[in-house]
$ cat structure.txt   # compact mmCIF, C-alpha atoms
# COMPACT_ATOMS: atom_id res chain seq x y z
CA MET A 1 -9.56 -4.18 7.01
CA ILE A 2 -10.99 -3.84 3.51
CA LEU A 3 -11.30 -0.37 1.98
CA THR A 4 -13.52 0.34 -1.01
CA ILE A 5 -12.42 3.08 -3.40
CA ARG A 6 -14.96 4.26 -5.97
CA SER A 7 -13.90 7.89 -6.37
CA ARG A 8 -11.20 10.47 -5.80
CA GLU A 9 -13.17 11.59 -2.73
CA ASP A 10 -12.75 8.12 -1.23
CA LEU A 11 -9.01 8.33 -1.90
CA GLU A 12 -8.75 11.77 -0.30
CA GLN A 13 -10.57 10.56 2.81
CA TYR A 14 -8.01 7.81 3.39
CA LEU A 15 -5.01 9.98 2.51
CA SER A 16 -6.28 12.55 5.02
CA ALA A 17 -6.55 9.82 7.68
CA ILE A 18 -2.93 8.84 6.99
CA ASP A 19 -1.80 12.47 7.35
CA HIS A 20 -3.72 12.82 10.64
CA ALA A 21 -2.28 9.59 12.07
CA THR A 22 1.22 10.67 11.06
CA ALA A 23 0.88 14.11 12.62
CA THR A 24 -0.48 12.63 15.85
CA ALA A 25 2.40 10.17 16.14
CA MET A 26 5.02 12.81 15.35
CA GLU A 27 3.67 15.07 18.10
CA GLU A 28 4.04 12.28 20.63
CA PHE A 29 7.45 11.25 19.27
CA ALA A 30 8.74 14.82 19.63
CA THR A 31 8.42 14.61 23.41
CA ALA A 32 11.34 12.15 23.75
CA SER A 33 14.02 13.49 26.09
CA SER A 34 17.05 12.08 24.21
CA PRO A 35 17.93 10.32 20.94
CA ARG A 36 18.17 6.95 22.72
CA GLU A 37 14.82 7.56 24.39
CA ALA A 38 13.35 8.38 20.99
CA LEU A 39 14.52 5.07 19.55
CA ARG A 40 13.24 3.17 22.60
CA ARG A 41 9.85 4.80 22.29
CA MET A 42 9.66 4.07 18.53
CA LYS A 43 10.23 0.38 19.06
CA PHE A 44 8.57 -0.42 22.37
CA GLU A 45 5.84 2.13 23.12
CA GLN A 46 2.60 2.57 21.28
CA ILE A 47 3.23 6.18 20.27
CA GLY A 48 2.23 5.44 16.67
CA ARG A 49 -1.24 5.28 15.16
CA HIS A 50 -2.76 2.98 12.58
CA PRO A 51 -2.77 4.90 9.29
CA ILE A 52 -6.47 4.25 8.59
CA GLU A 53 -8.17 2.97 11.76
CA LYS A 54 -8.71 6.11 13.80
CA ASP A 55 -7.09 6.13 17.24
CA ARG A 56 -5.74 2.56 17.04
CA ARG A 57 -2.34 2.74 18.74
CA LEU A 58 0.75 0.97 17.35
CA ASN A 59 4.46 1.20 17.86
CA LEU A 60 5.95 3.76 15.50
CA ILE A 61 7.92 1.22 13.45
CA GLU A 62 4.72 -0.68 12.66
CA GLN A 63 3.02 2.61 11.75
CA VAL A 64 5.80 3.39 9.27
CA ASN A 65 5.47 -0.04 7.65
CA GLN A 66 1.68 0.10 7.44
CA THR A 67 1.61 3.71 6.26
CA PHE A 68 3.72 2.96 3.21
CA THR A 69 1.77 -0.22 2.50
CA TYR A 70 -1.46 1.79 2.42
CA LEU A 71 0.07 4.67 0.45
CA VAL A 72 1.18 2.34 -2.35
CA ALA A 73 -2.23 0.66 -2.48
CA LEU A 74 -4.05 4.01 -2.53
CA LYS A 75 -1.81 5.42 -5.26
CA ALA A 76 -2.31 2.22 -7.27
CA ALA A 77 -6.08 2.54 -6.81
CA GLU A 78 -5.91 6.16 -8.01
CA TRP A 79 -4.16 5.01 -11.20
CA LEU A 80 -6.59 2.12 -11.65
CA LEU A 81 -9.65 4.38 -11.27
CA ASP A 82 -8.48 6.35 -14.31
CA ARG A 83 -7.43 3.30 -16.31
CA HIS A 84 -10.37 0.96 -15.56
CA PRO A 85 -13.67 2.77 -15.02
CA GLU A 86 -15.43 -0.48 -15.99
CA ALA A 87 -14.14 -2.03 -12.74
CA GLY A 88 -16.76 -0.24 -10.61
CA GLY A 89 -14.13 0.78 -8.08
CA PHE A 90 -11.69 -1.28 -6.07
CA HIS A 91 -11.51 -3.23 -2.83
CA LEU A 92 -8.18 -2.80 -1.04
CA ALA A 93 -6.71 -4.95 1.71
CA PRO A 94 -2.98 -4.26 1.49
CA GLY A 95 -0.94 -6.61 3.60
CA ALA A 96 -4.03 -8.36 4.98
CA VAL A 97 -3.16 -11.91 4.09
CA MET A 98 -6.63 -13.45 4.15
CA ALA A 99 -8.96 -10.44 3.82
CA LEU A 100 -8.90 -10.66 0.01
CA PRO A 101 -7.11 -13.03 -2.37
CA PHE A 102 -5.18 -10.00 -3.76
CA ASP A 103 -4.24 -6.62 -2.26
CA ILE A 104 -6.50 -4.87 -4.79
CA MET A 105 -9.51 -6.37 -6.56
CA SER A 106 -12.05 -4.68 -8.78
CA VAL A 107 -15.59 -4.35 -7.41
CA GLU A 108 -16.77 -5.96 -10.65
CA PRO A 109 -15.34 -9.49 -10.39
CA GLY A 110 -12.67 -10.57 -12.82
CA VAL A 111 -11.72 -7.16 -14.18
CA VAL A 112 -8.58 -6.27 -12.13
CA ASP A 113 -6.37 -8.00 -9.58
CA ALA A 114 -3.24 -6.34 -8.21
CA GLU A 115 -0.54 -6.79 -5.60
CA THR A 116 1.25 -3.88 -3.89
CA PHE A 117 4.28 -3.24 -1.71
CA ALA A 118 6.84 -0.66 -0.59
CA ALA A 119 10.51 -1.59 -0.26
CA THR A 120 14.01 -0.23 -0.63
CA HIS A 121 14.22 -2.16 -3.93
CA PRO A 122 11.65 -4.33 -5.77
CA ASP A 123 13.93 -7.36 -5.35
CA SER A 124 14.07 -6.98 -1.55
CA ASN A 125 12.91 -10.18 0.14
CA ARG A 126 11.93 -11.49 -3.31
CA LYS A 127 8.67 -9.55 -2.85
CA LEU A 128 8.14 -8.76 -6.54
CA ILE A 129 8.88 -12.34 -7.56
CA LYS A 130 6.38 -13.61 -5.00
CA ASP A 131 3.72 -11.12 -6.11
CA LEU A 132 4.21 -11.99 -9.78
CA ALA A 133 3.90 -15.69 -8.97
CA LYS A 134 0.67 -15.01 -7.08
CA LEU A 135 -0.72 -12.90 -9.94
CA SER A 136 0.15 -15.62 -12.46
CA GLY A 137 -2.73 -17.61 -10.96
CA SER A 138 -5.27 -14.80 -11.34
CA ALA A 139 -7.98 -15.10 -13.97
CA ALA A 140 -8.65 -11.33 -14.02
CA ARG A 141 -8.53 -9.61 -17.42
CA HIS A 142 -6.02 -7.06 -16.08
CA ARG A 143 -3.26 -7.94 -13.61
CA TYR A 144 -0.76 -5.56 -12.02
CA ALA A 145 2.07 -5.43 -9.51
CA PHE A 146 2.53 -1.96 -8.00
CA PHE A 147 5.45 -0.97 -5.82
CA TYR A 148 7.29 2.00 -4.41
CA ALA A 149 11.09 2.01 -4.14
CA PRO A 150 12.98 5.29 -3.76
CA ALA A 151 15.47 4.74 -6.60
CA PHE A 152 12.79 4.04 -9.21
CA PRO A 153 10.92 6.69 -11.17
CA ALA A 154 7.14 6.43 -11.27
CA GLY A 155 5.66 4.59 -14.21
CA ARG A 156 5.63 1.23 -15.89
CA VAL A 157 8.79 -0.84 -15.40
CA GLU A 158 8.71 -3.31 -18.29
CA ARG A 159 12.14 -4.76 -17.49
CA LEU A 160 10.66 -6.18 -14.26
CA GLU A 161 7.74 -7.86 -16.03
CA ARG A 162 8.61 -11.54 -15.73
CA VAL A 163 5.09 -13.00 -15.99
CA SER A 164 3.16 -12.74 -19.24
CA GLY A 165 0.14 -10.48 -18.93
CA VAL A 166 1.15 -8.85 -15.63
CA GLU A 167 2.22 -5.20 -15.79
CA VAL A 168 4.65 -3.83 -13.19
CA HIS A 169 4.38 -0.18 -12.14
CA CYS A 170 6.26 2.00 -9.68
CA VAL A 171 4.01 4.57 -7.99
CA ASP A 172 5.01 7.96 -6.64
CA ILE A 173 3.96 8.43 -3.05
$ encode --input "structure.txt" --output "structure tokens"
Amino acid sequence: MILTIRSREDLEQYLSAIDHATATAMEEFATASSPREALRRMKFEQIGRHPIEKDRRLNLIEQVNQTFTYLVALKAAEWLLDRHPEAGGFHLAPGAVMALPFDIMSVEPGVVDAETFAATHPDSNRKLIKDLAKLSGSAARHRYAFFYAPAFPAGRVERLERVSGVEVHCVDI
């Protein structure tokens, strides 16, 4: 699924959808009769909801993963809207391998390309290294890797910038 973000109103619409999906899943999760039953339901039943696609059921673990993937991409898009008004907005397809060449691309071609992820640490599963390698092949004027990891403060993380011309930023979700 490709989202297009041109304004703060677009961002708020998607953030609201995430909040609604989360609340719906938590209501269903709360009906578990025991801790073991709760874990079983999280993994095997479709008590979760897709964070953006209304009423699409998922298991709760997949909802957690997708929710944080979308939150990082939306927070990155919020930052990019302020930084690059010349981009005309942004197309987002976080985690959708073939929907777009990059997780975030400017509506105006060649202005911005970005990759996004959420992890316990930016080195987990070599995700940052892989994203930087992918961005090294981008011809966009501005290239970014955005991530969320709980132990990192929000902002630019220059010590993680291993590819010339690609900025690395931690977002606050």
$ closest_residue --input "structure.txt" --among "A:His142, A:Gly89, A:Thr69, A:Val112" --to "Ile173 of chain A" --atoms "only C-alpha atoms"
A:Thr69
$ closest_atom_pairs --input "structure.txt" --of "segment 42-149 of chain A" --to "segment 169-172 of chain A" --cutoff "12 Å" --atoms "all atoms listed in the file" --output "CSV"
residue,atom,partner,partner_atom,distance
A:Phe68,CA,A:Asp172,CA,11.1
A:Thr69,CA,A:Val171,CA,11.7
A:Leu71,CA,A:Asp172,CA,9.2
A:Val72,CA,A:Val171,CA,6.7
A:Ala73,CA,A:Val171,CA,9.2
A:Leu74,CA,A:Val171,CA,9.8
A:Lys75,CA,A:Val171,CA,6.5
A:Ala76,CA,A:Val171,CA,6.8
A:Ala77,CA,A:Val171,CA,10.4
A:Glu78,CA,A:Val171,CA,10.0
A:Trp79,CA,A:Val171,CA,8.8
A:Leu80,CA,A:His169,CA,11.2
A:Ala114,CA,A:His169,CA,10.6
A:Glu115,CA,A:His169,CA,10.5
A:Thr116,CA,A:His169,CA,9.6
A:Phe117,CA,A:Cys170,CA,9.7
A:Ala118,CA,A:Cys170,CA,9.5
A:Ala119,CA,A:Cys170,CA,10.9
A:His121,CA,A:Cys170,CA,10.7
A:Pro122,CA,A:Cys170,CA,9.2
A:Leu128,CA,A:His169,CA,10.9
A:Arg143,CA,A:His169,CA,11.0
A:Tyr144,CA,A:His169,CA,7.4
A:Ala145,CA,A:His169,CA,6.3
A:Phe146,CA,A:His169,CA,4.9
A:Phe147,CA,A:Cys170,CA,4.9
A:Tyr148,CA,A:Cys170,CA,5.4
A:Ala149,CA,A:Cys170,CA,7.3
$ atom_distance --input "structure.txt" --atom1 "atom CA of Ala99 of chain A" --atom2 "atom CA of Ala133 of chain A"
18.9 Å
$ residues_near_point --input "structure.txt" --point "(-13.3, -11.5, -15.2)" --cutoff "10 Å" --atoms "only C-alpha atoms" --output "VMD selection string"
chain A and resid 87 106 108 to 113 138 to 142
$ write_last_selection --input "structure.txt" --atoms "C-alpha atoms" --output "mmCIF file, keeping the file's coordinate frame"
data_model
loop_
_atom_site.group_PDB
_atom_site.id
_atom_site.type_symbol
_atom_site.label_atom_id
_atom_site.label_comp_id
_atom_site.auth_asym_id
_atom_site.auth_seq_id
_atom_site.Cartn_x
_atom_site.Cartn_y
_atom_site.Cartn_z
ATOM 1 C CA ALA A 87 -14.140 -2.030 -12.740
ATOM 2 C CA SER A 106 -12.050 -4.680 -8.780
ATOM 3 C CA GLU A 108 -16.770 -5.960 -10.650
ATOM 4 C CA PRO A 109 -15.340 -9.490 -10.390
ATOM 5 C CA GLY A 110 -12.670 -10.570 -12.820
ATOM 6 C CA VAL A 111 -11.720 -7.160 -14.180
ATOM 7 C CA VAL A 112 -8.580 -6.270 -12.130
ATOM 8 C CA ASP A 113 -6.370 -8.000 -9.580
ATOM 9 C CA SER A 138 -5.270 -14.800 -11.340
ATOM 10 C CA ALA A 139 -7.980 -15.100 -13.970
ATOM 11 C CA ALA A 140 -8.650 -11.330 -14.020
ATOM 12 C CA ARG A 141 -8.530 -9.610 -17.420
ATOM 13 C CA HIS A 142 -6.020 -7.060 -16.080
#
$ axis_aligned_box --input "structure.txt" --around "segment 68-74 of chain A" --padding-each-side "8 Å" --output "AutoDock Vina command-line options"
--center_x -0.2 --center_y 2.2 --center_z 0.3 --size_x 23.8 --size_y 20.9 --size_z 21.7
$ atom_distance --input "structure.txt" --atom1 "atom CA of Thr67 of chain A" --atom2 "atom CA of Pro51 of chain A"
5.5 Å
$ closest_residue --input "structure.txt" --among "A:Arg6, A:His20, A:Lys130, A:Arg57" --to "Gly88 of chain A" --atoms "all atoms listed in the file"
A:Arg6
$ atom_distance --input "structure.txt" --atom1 "atom CA of Ser124 of chain A" --atom2 "atom CA of Leu100 of chain A"
23.3 Å
$ residues_near_point --input "structure.txt" --point "(-3.4, -3.3, 0.3)" --cutoff "6 Å" --atoms "only C-alpha atoms" --output "number ranges by chain"
A: 70, 73, 92-95, 103
$ closest_residue --input "structure.txt" --among "A:Val157, A:Val166, A:Leu39, A:Met105" --to "Leu135 of chain A" --atoms "only C-alpha atoms"
A:Val166
$ residues_around --input "structure.txt" --residues "Met42 of chain A" --least-positions-apart "4" --cutoff "9 Å" --atoms "all atoms listed in the file" --output "PDB file with C-alpha atoms, in the frame of the given file"
ATOM      1  CA  PHE A  29       7.450  11.250  19.270  1.00  0.00           C
ATOM      2  CA  GLU A  37      14.820   7.560  24.390  1.00  0.00           C
ATOM      3  CA  ALA A  38      13.350   8.380  20.990  1.00  0.00           C
ATOM      4  CA  GLN A  46       2.600   2.570  21.280  1.00  0.00           C
ATOM      5  CA  ILE A  47       3.230   6.180  20.270  1.00  0.00           C
ATOM      6  CA  GLY A  48       2.230   5.440  16.670  1.00  0.00           C
ATOM      7  CA  ASN A  59       4.460   1.200  17.860  1.00  0.00           C
ATOM      8  CA  LEU A  60       5.950   3.760  15.500  1.00  0.00           C
ATOM      9  CA  ILE A  61       7.920   1.220  13.450  1.00  0.00           C
TER      10      ILE A  61
END
$ residues_around --input "structure.txt" --residues "Ala21 of chain A" --least-positions-apart "6" --cutoff "12 Å" --atoms "all atoms listed in the file" --output "ChimeraX atom specification"
/A:14-15,27-28,47-58,60,63-64,66-67
$ closest_residue --input "structure.txt" --among "A:Thr120, A:Leu81, A:Pro101, A:Ala17" --to "Pro150 of chain A" --atoms "only C-alpha atoms"
A:Thr120
